[in-house]
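> Can you keep this structure in mind? I'll have questions shortly.
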There are 2 protein chains.
Amino acid sequence: MAKQTSRLDLVLPPRPAGVPYGRWLYSSLRELILAGRLPPGTWLPSSRDLARQYGLARGTVVEALEALRWEGYLEAKVGAGTRVSPTLPDGLLAAPRARTAAVTPPVPGRPGRSLSRFAGRLQPLGNLAPGPVRAFRTDQPALDLFPLKLWTQLASRRLKQASTDLWLSCHPLGFPPLRQAIADYLVSSRGVRCEAAQVAIVSGTQEALDLAARLVLDPGSRVALECPGYEGAQRVFAAAGAELAEVPVDAEGMVVDPARLAGARLVYVTPAHQYPLGMAMSLPRRLALLDWAGAHSALVFEDDYDSEFRYTGRPLPALQGLDSQAQVLFAGTFSKVLLPSLRLGYLVLPSDLVDRFATLQSITRRHAPVLEQAVLADFMAGSHFGRHVRRMREVYAERLGVLQAAAREELAGGLELTGIEAGLQTIGWLAPGLSAERVAAAATRRQVEVRAVALPAAATPDPAGRQGLHLGFAAVRPGELRRGVSALARVLAAERPP
Amino acid sequence: MAKQTSRLDLVLPPRPAGVPYGRWLYSSLRELILAGRLPPGTWLPSSRDLARQYGLARGTVVEALEALRWEGYLEAKVGAGTRVSPTLPDGLLAAPRARTAAVTPPVPGRPGRSLSRFAGRLQPLGNLAPGPVRAFRTDQPALDLFPLKLWTQLASRRLKQASTDLWLSCHPLGFPPLRQAIADYLVSSRGVRCEAAQVAIVSGTQEALDLAARLVLDPGSRVALECPGYEGAQRVFAAAGAELAEVPVDAEGMVVDPARLAGARLVYVTPAHQYPLGMAMSLPRRLALLDWAGAHSALVFEDDYDSEFRYTGRPLPALQGLDSQAQVLFAGTFSKVLLPSLRLGYLVLPSDLVDRFATLQSITRRHAPVLEQAVLADFMAGSHFGRHVRRMREVYAERLGVLQAAAREELAGGLELTGIEAGLQTIGWLAPGLSAERVAAAATRRQVEVRAVALPAAATPDPAGRQGLHLGFAAVRPGELRRGVSALARVLAAERPP
């Protein structure tokens with residue numbers, strides 16, 4: 001039978017002068033058990049190891065362990081070793097959670113401690129909600145349709161064939177075959193102009209934003225971003241201490257207004273599909289933004305989120321592909337195309353920033369985990385990636401259709417859905433006079449997830465602005481979509497002014 | 001037969017006014033193929049998809065594709081679709097790497113571009129060397145002894161049992177069962193005082209350093225670090241714009257000199273095993289450092305690297321376990337215990353910093369990849385982790401013995417090895433008059449990797465300081481260790497003054 005000792009080392013307090021060795025070992029172990037620092041079931045090092053490590057006679061150790069065994073603290077298993085008794089006598093441990101209490105004294109607030117100004121600027125960003133997927137969860141793919149079996153096969157093959165080189169480390173910008181596969185995909189399918197050397201593997205759009213901000217922004221630097229826009233970008237720029245210039249959007253995307261953009265070192269845009277409103281940035285606006293950036297030596301951060309899921313119209317080439325002056329940073333993620341938990345995405349850099357970015361990666365994360373990069377490279381090199389995206393696009397188009405049909409039937413007059421061309425979510429605009437926050441709160445009570453969206457007056461002909469609900473459909477099964485629409489209809493009926 | 005199209009979308013240039021649709025499609029595709037943007041073998045979207053996306057008649061598309069097929073640009077495969085001919089006629093493509101050249105125009109240096117002051121302070125940090133493992137590679141475990149089969153089994157099981165919750169995301173500080181497993185391990189085996197809520201999963205010590213620096217340091221803040229010391233810490237603090245106070249080390253570790261530490265907001269130490277010299281920090285020094293930090297509201301960053309591999313003496317409890325004022329950040333990594341490419345490590349935080357650190361993680365990386373965290377949690381929950389470390393400890397002790405025996409035999413008088421108690425590497429001190437840089441350069445020519453180490457005069461009785469070589473033994477097989485020693489003996493004989 002294999003030896004079961006998972007316990008590596010045991011750290012014992014120093015022996016007070018005058019206390020015999022055996023007594024000291026006995027009482028130290030007993031204390032550790034009573035304080036919960038050695039939980040029930042924990043395997044101890046062998047008596048041989050304990051004797052060697054603490055310079056004790058083997059017999060002294062055996063005697064102390066025997067005593068603890070007789071008292072019920074320890075249990076010996078033939079061929080396996082000695083462990084803390086899994087069923088300690090009642091009342092032996094002071095309290096069920098005595099362990100936690102004993103280990104960590106409560107820490108008082110520490111007003112004297114100096115943290116950075118950066119730390120003072122941090123504001124929380126909500127994570128993706130865990131738990132069962134309900135209508136109308138946003139920003140999430142259909143997790144249950146991920147090709148898990150195929151992924152497992154590819155991972156097993158990579159693990160079996162792994163050379164030590166694969167395990168050791170990789171280039172700070174990422175695993176070279178993955179960078180090449182992404183460059184090939186972006187050149188032909190997204191109209192990006194790049195080679196593999198410009199592709200940096202990051203953990204997702206959020207990390208790409210953070211790293212770009214560190215490279216470009218100082219406290220007090222001006223950064224322009226869409227309003228309404230993506231909260232995650234706003235959080236990163238605010239933490240960097242940047243001055244935030246909010247630029248309105250209209251039906252053609254960000255309004256390229258030199259007065260609003262003035263002095264910006266970086267402009268954050270979502271041209272493929274504005275977040276959260278969903279429209280594409282028009283070609284004249286794209287050209288105007290690039291002209292402005294070229295004239296002012298500014299950089300543009302293009303967040304290409306959800307561009308893979310386009311249901312109508314032709315594929316829109318990336319803003320980056322129009323850029324002749326190397327001023328666009330182009331970011332995408334596999335969180336929506338594959339899985340959020342993978343934590344893999346990419347940032348395409350202007351060539352003159354590649355070395356500096358590699359240095360930044362090498363002193364911060366060194367590089368992304370290699371195995372998942374290798375599996376993804378295999379997934380992209382075969383036809384799997386294209387097939388998966390096509391399949392998901394069909395499923396999501398169908399779910400969008402279910403949502404639209406149910407909304408026409410049950411929500412007419414109360415909620416007007418925007419016609420979207422791409423993405424995993426849409427927006428429903430509320431009739432004037434209804435409060436999005438109130439509707440969202442009432443919906444939550446009926447197990448429906450919606451997020452309030454407010455369009456400022458500047459972005460709409462209505463001087464009061466416009467209120468709406470952000471509705472995700474991609475992650476939600478058709479039956480749950482229909483249930484959600486019915487529940488929302490009841491909420492709207494109750495909220496509507498008589 | 002399954003459809004082979006991995007091509008999702010095709011981005012075509014706009015049609016110039018007056019050019020017929022079919023002509024435009026034909027010449028656009030031909031251009032893309034000639035420029036190498038559609039490499040040989042690339043599958044095209046179906047004619048149906050092309051017609052729909054670009055608003056063309058299906059017949060127009062079919063005609064254009066047919067023409068390209070007759071000219072040899074495309075190839076049709078029954079049941080599979082149309083692809084760029086895998087064997088394009090000779091001389092058709094301008095040059096073998098025409099593709100790269102065509103895609104990316106050379107970017108001139110951009111002196112007008114403003115980057116951050118942080119970007120200006122970045123200095124490169126060497127990555128782990130790839131390639132075959134030679135004597136005397138440092139900072140690397142024995143990759144070929146990693147329990148790959150077991151790891152693959154655990155990964156497959158997790159993938160099979162995966163619920164959508166596991167795929168979705170996790171707490172910004174990490175996968176809860178892994179945080180618990182690490183807390184249990186650190187409490188019993190490293191003498192750390194913590195609960196799982198204080199454990200943050202990071203990608204390794206380098207990221208822990210970067211995140212801690214962001215939370216604590218402003219440009220101009222003072223940070224104290226050991227000299228000689230770990231280059232990766234120096235790089236992070238320098239990039240943060242901190243003022244670096246280098247504190248000498250002696251046989252008891254960092255000299256806790258209030259004059260040197262004055263004004264430091266953060267003190268970086270390697271108490272278990274000083275980097276690179278290898279000695280442990282003595283108990284009086286540990287207590288003095290904690291007293292000093294408590295009196296000055298400073299934080300201590302304890303880098304516990306390689307503490308798992310202790311060959312003699314008793315396990316040394318962590319500095320963090322002596323801290324009663326919650327002023328220690330305790331960092332460790334799985335890069336050496338398991339694999340560098342995993343990119344998993346941990347940072348144990350004082351309780352009052354936990355929420356702020358979680359916010360920082362949520363806006364930067366969101367969280368570490370979930371699958372590898374789950375597999376590691378399983379590895380630690382069973383007895384695998386303990387068994388693997390014990391086994392590696394035995395292998396490394398044996399390799400250390402081989403190195404020491406060979407050095408006694410062949411290097412006596414030229415290189416004096418330090419007696420080490422723990423770690424993956426040791427230092428050989430050169431006889432006075434020999435230059436470490438010269439010896440390292442000559443060794444490289446004989447396929448031996450050694451890194452020069454210089455001990456400043458302040459840290460040694462010798463007023464000229466001391467020069468030595470950093471020698472790794474853990475990753476290197478015994479035969480290669482012996483070859484390395486023989487090669488080094490020849491180098492020393494050639495370099496020694498007559």
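Quick note on naming: the chains in the structure tokens go A, B, ... in the order shown, residues restart at 1 in each chain, and ligands are numbered from 1 in order of appearance.
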Enumerate as a PyMOL selection string all residues of segment 278-382 of chain A assigned to helix (DSSP H, G or I) by DSSP on the backbone, naming them with the chain letters and numbers the document uses.

chain A and resi 283-295+319-322+340-342+351-364+370-381

> Write out as a list in words all residues of segment 365-444 of chain A that backbone DSSP assigns to strand (DSSP E).

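Here are the strand (DSSP E) residues of segment 365-444 of chain A: Leu415, Glu416, Leu417, Gln425, Thr426, Ile427, Gly428, Trp429 and Leu430 of chain A.
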
> For segment 341-350 of chain B, find every residue with an atom within 9 Å (counting only C-alpha atoms), except residues of its own chain fewer than 4 positions away, and show them as a short mmCIF file (atom, residue, chain, number, x, y, z; two decimals) with all heavy atoms, in the first residue's frame.


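Full text of selection_23.cif as output:
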data_model
loop_
_atom_site.label_atom_id
_atom_site.label_comp_id
_atom_site.auth_asym_id
_atom_site.auth_seq_id
_atom_site.Cartn_x
_atom_site.Cartn_y
_atom_site.Cartn_z
N VAL A 107 -8.18 41.71 12.97
CA VAL A 107 -7.26 42.80 12.66
C VAL A 107 -8.00 44.11 12.73
O VAL A 107 -9.00 44.29 12.05
CB VAL A 107 -6.68 42.62 11.24
CG1 VAL A 107 -5.80 43.81 10.89
CG2 VAL A 107 -5.91 41.33 11.16
N LEU A 166 7.76 22.70 -23.56
CA LEU A 166 6.40 23.22 -23.44
C LEU A 166 6.10 23.58 -21.99
O LEU A 166 5.35 24.49 -21.70
CB LEU A 166 5.42 22.17 -23.95
CG LEU A 166 3.95 22.59 -24.00
CD1 LEU A 166 3.76 23.73 -24.98
CD2 LEU A 166 3.07 21.43 -24.39
N TRP A 167 6.69 22.83 -21.06
CA TRP A 167 6.38 23.04 -19.65
C TRP A 167 7.17 24.16 -19.02
O TRP A 167 6.84 24.64 -17.95
CB TRP A 167 6.68 21.75 -18.86
CG TRP A 167 5.77 20.68 -19.26
CD1 TRP A 167 6.11 19.41 -19.60
CD2 TRP A 167 4.36 20.76 -19.40
NE1 TRP A 167 5.00 18.71 -19.94
CE2 TRP A 167 3.91 19.52 -19.83
CE3 TRP A 167 3.44 21.79 -19.20
CZ2 TRP A 167 2.57 19.25 -20.06
CZ3 TRP A 167 2.11 21.53 -19.44
CH2 TRP A 167 1.69 20.27 -19.86
N LEU A 168 8.27 24.50 -19.66
CA LEU A 168 9.21 25.38 -19.00
C LEU A 168 8.68 26.79 -18.93
O LEU A 168 8.52 27.37 -17.87
CB LEU A 168 10.53 25.33 -19.78
CG LEU A 168 11.62 26.17 -19.20
CD1 LEU A 168 11.73 25.91 -17.72
CD2 LEU A 168 12.92 25.84 -19.89
N SER A 169 8.42 27.36 -20.04
CA SER A 169 7.99 28.75 -20.06
C SER A 169 7.74 29.09 -21.51
O SER A 169 7.83 28.24 -22.38
CB SER A 169 9.06 29.67 -19.50
OG SER A 169 10.17 29.73 -20.37
N CYS A 170 7.39 30.30 -21.80
CA CYS A 170 7.29 30.69 -23.19
C CYS A 170 7.58 32.17 -23.31
O CYS A 170 7.81 32.85 -22.32
CB CYS A 170 5.96 30.28 -23.80
SG CYS A 170 4.55 31.27 -23.33
N ARG A 365 3.38 39.38 -15.35
CA ARG A 365 2.88 38.00 -15.28
C ARG A 365 3.86 37.00 -15.85
O ARG A 365 3.59 35.82 -15.87
CB ARG A 365 1.61 37.87 -16.12
CG ARG A 365 0.39 38.37 -15.48
CD ARG A 365 -0.75 38.14 -16.44
NE ARG A 365 -1.09 36.74 -16.53
CZ ARG A 365 -1.87 36.23 -17.46
NH1 ARG A 365 -2.35 36.99 -18.40
NH2 ARG A 365 -2.13 34.94 -17.48
N ARG A 366 4.95 37.45 -16.45
CA ARG A 366 5.90 36.63 -17.21
C ARG A 366 5.26 36.16 -18.51
O ARG A 366 5.71 36.52 -19.57
CB ARG A 366 6.45 35.46 -16.40
CG ARG A 366 7.42 35.95 -15.32
CD ARG A 366 8.19 34.80 -14.72
NE ARG A 366 9.19 35.25 -13.77
CZ ARG A 366 10.42 35.56 -14.10
NH1 ARG A 366 10.81 35.50 -15.36
NH2 ARG A 366 11.27 35.96 -13.19
N HIS A 367 4.19 35.35 -18.44
CA HIS A 367 3.46 34.95 -19.65
C HIS A 367 2.20 34.23 -19.22
O HIS A 367 2.04 33.87 -18.05
CB HIS A 367 4.32 34.05 -20.54
CG HIS A 367 4.81 32.81 -19.85
ND1 HIS A 367 4.04 31.70 -19.70
CD2 HIS A 367 5.99 32.53 -19.24
CE1 HIS A 367 4.72 30.78 -19.03
NE2 HIS A 367 5.90 31.25 -18.74
N ALA A 368 1.28 33.99 -20.16
CA ALA A 368 0.05 33.26 -19.85
C ALA A 368 0.37 31.77 -19.70
O ALA A 368 1.39 31.30 -20.21
CB ALA A 368 -0.98 33.48 -20.95
N PRO A 369 -0.49 30.99 -18.99
CA PRO A 369 -0.24 29.55 -18.83
C PRO A 369 -0.11 28.88 -20.19
O PRO A 369 -0.85 29.20 -21.12
CB PRO A 369 -1.50 29.05 -18.10
CG PRO A 369 -2.12 30.25 -17.50
CD PRO A 369 -1.75 31.41 -18.36
N VAL A 370 0.82 27.94 -20.31
CA VAL A 370 1.18 27.42 -21.63
C VAL A 370 0.20 26.35 -22.12
O VAL A 370 -0.16 26.33 -23.30
CB VAL A 370 2.63 26.88 -21.63
CG1 VAL A 370 3.01 26.43 -23.02
CG2 VAL A 370 3.59 27.96 -21.17
N LEU A 371 -0.24 25.45 -21.25
CA LEU A 371 -1.07 24.34 -21.73
C LEU A 371 -2.32 24.84 -22.44
O LEU A 371 -2.64 24.41 -23.55
CB LEU A 371 -1.46 23.41 -20.58
CG LEU A 371 -2.45 22.30 -21.00
CD1 LEU A 371 -1.82 21.35 -22.00
CD2 LEU A 371 -2.95 21.52 -19.78
N ARG B 179 -7.94 27.85 -2.62
CA ARG B 179 -7.52 28.78 -1.57
C ARG B 179 -7.50 28.08 -0.21
O ARG B 179 -6.62 28.29 0.61
CB ARG B 179 -8.44 30.00 -1.55
CG ARG B 179 -8.37 30.79 -2.87
CD ARG B 179 -9.49 31.82 -2.96
NE ARG B 179 -9.29 32.90 -2.01
CZ ARG B 179 -10.25 33.73 -1.61
NH1 ARG B 179 -11.49 33.60 -2.08
NH2 ARG B 179 -9.99 34.69 -0.76
N ILE B 182 -4.48 25.63 -0.02
CA ILE B 182 -3.22 26.35 0.20
C ILE B 182 -3.14 26.84 1.64
O ILE B 182 -2.10 26.74 2.30
CB ILE B 182 -3.09 27.51 -0.81
CG1 ILE B 182 -2.87 26.94 -2.21
CG2 ILE B 182 -1.96 28.45 -0.42
CD1 ILE B 182 -2.95 27.96 -3.33
N ALA B 183 -4.25 27.36 2.16
CA ALA B 183 -4.24 27.83 3.55
C ALA B 183 -3.90 26.67 4.49
O ALA B 183 -3.07 26.81 5.40
CB ALA B 183 -5.60 28.44 3.92
N VAL B 192 2.46 29.50 8.75
CA VAL B 192 1.77 30.75 8.41
C VAL B 192 0.50 30.83 9.25
O VAL B 192 -0.13 29.82 9.53
CB VAL B 192 1.46 30.79 6.90
CG1 VAL B 192 0.49 31.89 6.54
CG2 VAL B 192 2.76 30.92 6.11
N CYS B 194 -3.05 32.08 8.92
CA CYS B 194 -4.01 32.67 7.98
C CYS B 194 -5.22 31.79 7.85
O CYS B 194 -5.24 30.64 8.28
CB CYS B 194 -3.38 32.83 6.59
SG CYS B 194 -3.19 31.29 5.68
N GLU B 195 -6.28 32.34 7.26
CA GLU B 195 -7.39 31.52 6.81
C GLU B 195 -7.54 31.67 5.31
O GLU B 195 -6.92 32.54 4.70
CB GLU B 195 -8.67 31.85 7.56
CG GLU B 195 -8.92 33.31 7.77
CD GLU B 195 -10.15 33.54 8.65
OE1 GLU B 195 -11.17 32.88 8.39
OE2 GLU B 195 -10.09 34.38 9.56
N ALA B 196 -8.38 30.80 4.72
CA ALA B 196 -8.50 30.76 3.26
C ALA B 196 -8.87 32.13 2.68
O ALA B 196 -8.44 32.48 1.59
CB ALA B 196 -9.52 29.70 2.84
N ALA B 197 -9.65 32.90 3.42
CA ALA B 197 -10.12 34.19 2.90
C ALA B 197 -8.96 35.16 2.64
O ALA B 197 -9.11 36.11 1.88
CB ALA B 197 -11.11 34.84 3.88
N GLN B 198 -7.81 34.92 3.27
CA GLN B 198 -6.67 35.81 3.07
C GLN B 198 -5.79 35.39 1.90
O GLN B 198 -4.83 36.07 1.57
CB GLN B 198 -5.80 35.84 4.34
CG GLN B 198 -6.45 36.51 5.52
CD GLN B 198 -5.65 36.22 6.78
OE1 GLN B 198 -5.98 35.33 7.55
NE2 GLN B 198 -4.57 36.97 6.98
N VAL B 199 -6.07 34.22 1.31
CA VAL B 199 -5.22 33.68 0.25
C VAL B 199 -5.71 34.18 -1.11
O VAL B 199 -6.87 33.97 -1.46
CB VAL B 199 -5.22 32.14 0.27
CG1 VAL B 199 -4.40 31.58 -0.89
CG2 VAL B 199 -4.68 31.63 1.60
N ALA B 200 -4.84 34.84 -1.86
CA ALA B 200 -5.16 35.26 -3.23
C ALA B 200 -4.35 34.41 -4.19
O ALA B 200 -3.14 34.24 -4.01
CB ALA B 200 -4.81 36.73 -3.43
N ILE B 201 -5.01 33.87 -5.22
CA ILE B 201 -4.30 33.11 -6.25
C ILE B 201 -3.75 34.10 -7.27
O ILE B 201 -4.48 34.93 -7.80
CB ILE B 201 -5.24 32.11 -6.95
CG1 ILE B 201 -5.93 31.21 -5.94
CG2 ILE B 201 -4.46 31.29 -7.99
CD1 ILE B 201 -5.01 30.35 -5.10
N VAL B 202 -2.46 33.99 -7.52
CA VAL B 202 -1.81 34.85 -8.51
C VAL B 202 -1.07 33.94 -9.49
O VAL B 202 -1.05 32.72 -9.33
CB VAL B 202 -0.83 35.85 -7.84
CG1 VAL B 202 -1.59 36.84 -6.97
CG2 VAL B 202 0.22 35.11 -7.03
N SER B 203 -0.44 34.55 -10.50
CA SER B 203 0.23 33.71 -11.50
C SER B 203 1.65 33.36 -11.08
O SER B 203 2.31 32.60 -11.78
CB SER B 203 0.22 34.40 -12.86
OG SER B 203 1.18 35.41 -12.89
N GLY B 204 2.11 33.88 -9.96
CA GLY B 204 3.45 33.56 -9.49
C GLY B 204 3.98 34.72 -8.67
O GLY B 204 3.29 35.73 -8.46
N THR B 205 5.22 34.57 -8.19
CA THR B 205 5.80 35.60 -7.33
C THR B 205 5.91 36.93 -8.06
O THR B 205 5.72 37.99 -7.48
CB THR B 205 7.19 35.14 -6.85
OG1 THR B 205 7.05 33.86 -6.25
CG2 THR B 205 7.76 36.12 -5.85
N GLU B 207 3.98 38.28 -10.36
CA GLU B 207 2.71 39.02 -10.34
C GLU B 207 2.38 39.49 -8.93
O GLU B 207 1.86 40.59 -8.75
CB GLU B 207 1.57 38.16 -10.90
CG GLU B 207 0.32 39.00 -11.06
CD GLU B 207 -0.86 38.24 -11.64
OE1 GLU B 207 -1.28 37.21 -11.07
OE2 GLU B 207 -1.36 38.67 -12.68
N ALA B 208 2.68 38.66 -7.92
CA ALA B 208 2.42 39.07 -6.54
C ALA B 208 3.19 40.34 -6.23
O ALA B 208 2.67 41.28 -5.60
CB ALA B 208 2.82 37.95 -5.58
N GLN B 325 1.03 41.94 14.02
CA GLN B 325 0.42 43.22 13.66
C GLN B 325 -0.04 43.28 12.21
O GLN B 325 -0.24 44.36 11.67
CB GLN B 325 1.40 44.36 13.94
CG GLN B 325 1.67 44.51 15.43
CD GLN B 325 2.57 45.69 15.71
OE1 GLN B 325 2.18 46.83 15.58
NE2 GLN B 325 3.81 45.41 16.06
N ALA B 326 -0.20 42.09 11.59
CA ALA B 326 -0.76 42.02 10.22
C ALA B 326 -0.01 42.94 9.26
O ALA B 326 -0.60 43.76 8.58
CB ALA B 326 -2.25 42.38 10.25
N GLN B 327 1.30 42.78 9.23
CA GLN B 327 2.07 43.65 8.36
C GLN B 327 2.90 42.88 7.33
O GLN B 327 3.71 43.48 6.64
CB GLN B 327 2.97 44.58 9.17
CG GLN B 327 3.87 43.84 10.13
CD GLN B 327 4.28 44.70 11.31
OE1 GLN B 327 3.66 45.73 11.59
NE2 GLN B 327 5.32 44.31 11.99
N VAL B 328 2.65 41.56 7.23
CA VAL B 328 3.43 40.76 6.27
C VAL B 328 2.55 40.30 5.12
O VAL B 328 1.44 39.81 5.33
CB VAL B 328 4.06 39.53 6.97
CG1 VAL B 328 4.78 38.65 5.95
CG2 VAL B 328 5.04 39.97 8.06
N LEU B 329 3.04 40.47 3.89
CA LEU B 329 2.46 39.83 2.71
C LEU B 329 3.36 38.64 2.40
O LEU B 329 4.57 38.82 2.20
CB LEU B 329 2.43 40.78 1.52
CG LEU B 329 1.46 41.96 1.62
CD1 LEU B 329 2.16 43.18 2.21
CD2 LEU B 329 0.89 42.30 0.26
N PHE B 330 2.77 37.44 2.35
CA PHE B 330 3.55 36.21 2.23
C PHE B 330 3.30 35.61 0.84
O PHE B 330 2.16 35.31 0.50
CB PHE B 330 3.11 35.24 3.32
CG PHE B 330 3.77 33.89 3.27
CD1 PHE B 330 4.95 33.64 3.95
CD2 PHE B 330 3.20 32.85 2.55
CE1 PHE B 330 5.55 32.39 3.91
CE2 PHE B 330 3.78 31.60 2.50
CZ PHE B 330 4.98 31.37 3.18
N ALA B 331 4.35 35.44 0.05
CA ALA B 331 4.18 34.95 -1.33
C ALA B 331 4.91 33.65 -1.57
O ALA B 331 6.03 33.45 -1.10
CB ALA B 331 4.69 36.00 -2.32
N GLY B 332 4.26 32.76 -2.32
CA GLY B 332 4.88 31.51 -2.74
C GLY B 332 4.40 31.16 -4.14
O GLY B 332 3.45 31.75 -4.66
N THR B 333 5.05 30.18 -4.75
CA THR B 333 4.72 29.84 -6.13
C THR B 333 4.75 28.33 -6.33
O THR B 333 5.44 27.62 -5.60
CB THR B 333 5.71 30.51 -7.09
OG1 THR B 333 5.39 30.12 -8.43
CG2 THR B 333 7.15 30.10 -6.81
N PHE B 334 3.98 27.86 -7.30
CA PHE B 334 4.06 26.46 -7.70
C PHE B 334 4.99 26.24 -8.89
O PHE B 334 5.09 25.14 -9.41
CB PHE B 334 2.65 25.93 -8.01
CG PHE B 334 1.77 25.87 -6.81
CD1 PHE B 334 0.84 26.86 -6.56
CD2 PHE B 334 1.90 24.85 -5.88
CE1 PHE B 334 0.03 26.83 -5.43
CE2 PHE B 334 1.10 24.80 -4.75
CZ PHE B 334 0.17 25.80 -4.52
N SER B 335 5.67 27.30 -9.30
CA SER B 335 6.55 27.20 -10.48
C SER B 335 7.69 26.22 -10.25
O SER B 335 8.12 25.54 -11.17
CB SER B 335 7.13 28.56 -10.83
OG SER B 335 6.13 29.42 -11.27
N VAL B 354 -7.51 42.58 2.10
CA VAL B 354 -8.12 41.56 1.24
C VAL B 354 -9.10 42.18 0.24
O VAL B 354 -9.03 41.90 -0.97
CB VAL B 354 -8.81 40.47 2.09
CG1 VAL B 354 -9.72 39.61 1.23
CG2 VAL B 354 -7.77 39.60 2.78
N PHE B 357 -7.43 44.23 -2.48
CA PHE B 357 -6.70 43.38 -3.42
C PHE B 357 -7.68 42.68 -4.38
O PHE B 357 -7.40 42.54 -5.57
CB PHE B 357 -5.87 42.35 -2.65
CG PHE B 357 -4.81 41.69 -3.47
CD1 PHE B 357 -3.56 42.29 -3.61
CD2 PHE B 357 -5.04 40.51 -4.14
CE1 PHE B 357 -2.57 41.69 -4.38
CE2 PHE B 357 -4.06 39.90 -4.91
CZ PHE B 357 -2.81 40.50 -5.03
N ALA B 368 -7.62 34.08 -12.08
CA ALA B 368 -6.76 33.11 -12.76
C ALA B 368 -7.63 32.08 -13.48
O ALA B 368 -8.79 31.89 -13.12
CB ALA B 368 -5.85 32.44 -11.74
N GLU B 372 -7.05 24.95 -14.34
CA GLU B 372 -5.79 24.58 -13.70
C GLU B 372 -5.86 24.78 -12.18
O GLU B 372 -5.24 24.03 -11.43
CB GLU B 372 -4.63 25.34 -14.34
CG GLU B 372 -4.13 24.53 -15.54
CD GLU B 372 -3.41 25.33 -16.62
OE1 GLU B 372 -3.42 26.56 -16.56
OE2 GLU B 372 -2.84 24.69 -17.52
N GLN B 373 -6.63 25.76 -11.74
CA GLN B 373 -6.82 25.92 -10.30
C GLN B 373 -7.55 24.70 -9.72
O GLN B 373 -7.21 24.23 -8.63
CB GLN B 373 -7.66 27.16 -10.00
CG GLN B 373 -6.97 28.48 -10.27
CD GLN B 373 -7.81 29.63 -9.72
OE1 GLN B 373 -7.88 29.82 -8.51
NE2 GLN B 373 -8.46 30.37 -10.58
#

> Record the distance separating atom CA of Gly472 of chain B and atom CA of Ala142 of chain B, expressed in Å with one decimal.

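For atom CA of Gly472 of chain B relative to atom CA of Ala142 of chain B, the distance reads 10.9 Å.
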
> Using only C-alpha atoms, can you tell me which of B:Lys160, B:His388, B:Arg83, B:Arg314 comes closest to chain A?

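Smallest distance to chain A is found for B:Arg314.
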
> With a distance cut-off of 8 Å and only C-alpha atoms, select the neighbouring residues of Arg235 of chain A, excluding the residue or stretch itself and same-chain residues fewer than 3 positions from it, and output the selection as a PyMOL selection string.

(chain A and resi 122-125+231-232+238-239) or (chain B and resi 363)

> From the list B:His296, B:Arg58, B:Arg15, B:Arg193, which residue is nearest chain A when using only C-alpha atoms?

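The shortest atom-to-atom distance to chain A comes from B:Arg193.
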
> Which residue, A:Leu215, A:Val247, A:Ala489, A:Leu469, has the smallest gap to chain B when you use only C-alpha atoms?

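Using only C-alpha atoms, chain B sits closest to A:Leu215.
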
> What separation in Å, quoted to one decimal, exists between atom CA of Ala487 of chain B and atom CA of Leu143 of chain B?

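We find that atom CA of Ala487 of chain B and atom CA of Leu143 of chain B lie 23.9 Å from each other.
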
> Show which residues sit within 9 Å of Arg69 of chain A, as a PyMOL selection string. Count only C-alpha atoms, and ignore same-chain residues fewer than 5 positions away.

chain A and resi 64+74-76+82+84-85

> Find the residues around Phe136 of chain B up to 10 Å (only C-alpha atoms counted), leave out those fewer than 3 positions away in its own chain, and share them as a list in words.

Val133, Asp139, Leu403, Gln425, Thr426, Gln447, Val448, Glu449, Val450, Arg451, Leu469, His470, Leu471, Gly472, Phe473, Ala474, Ala475, Val476, Glu480, Leu481, Gly484 and Val485 of chain B
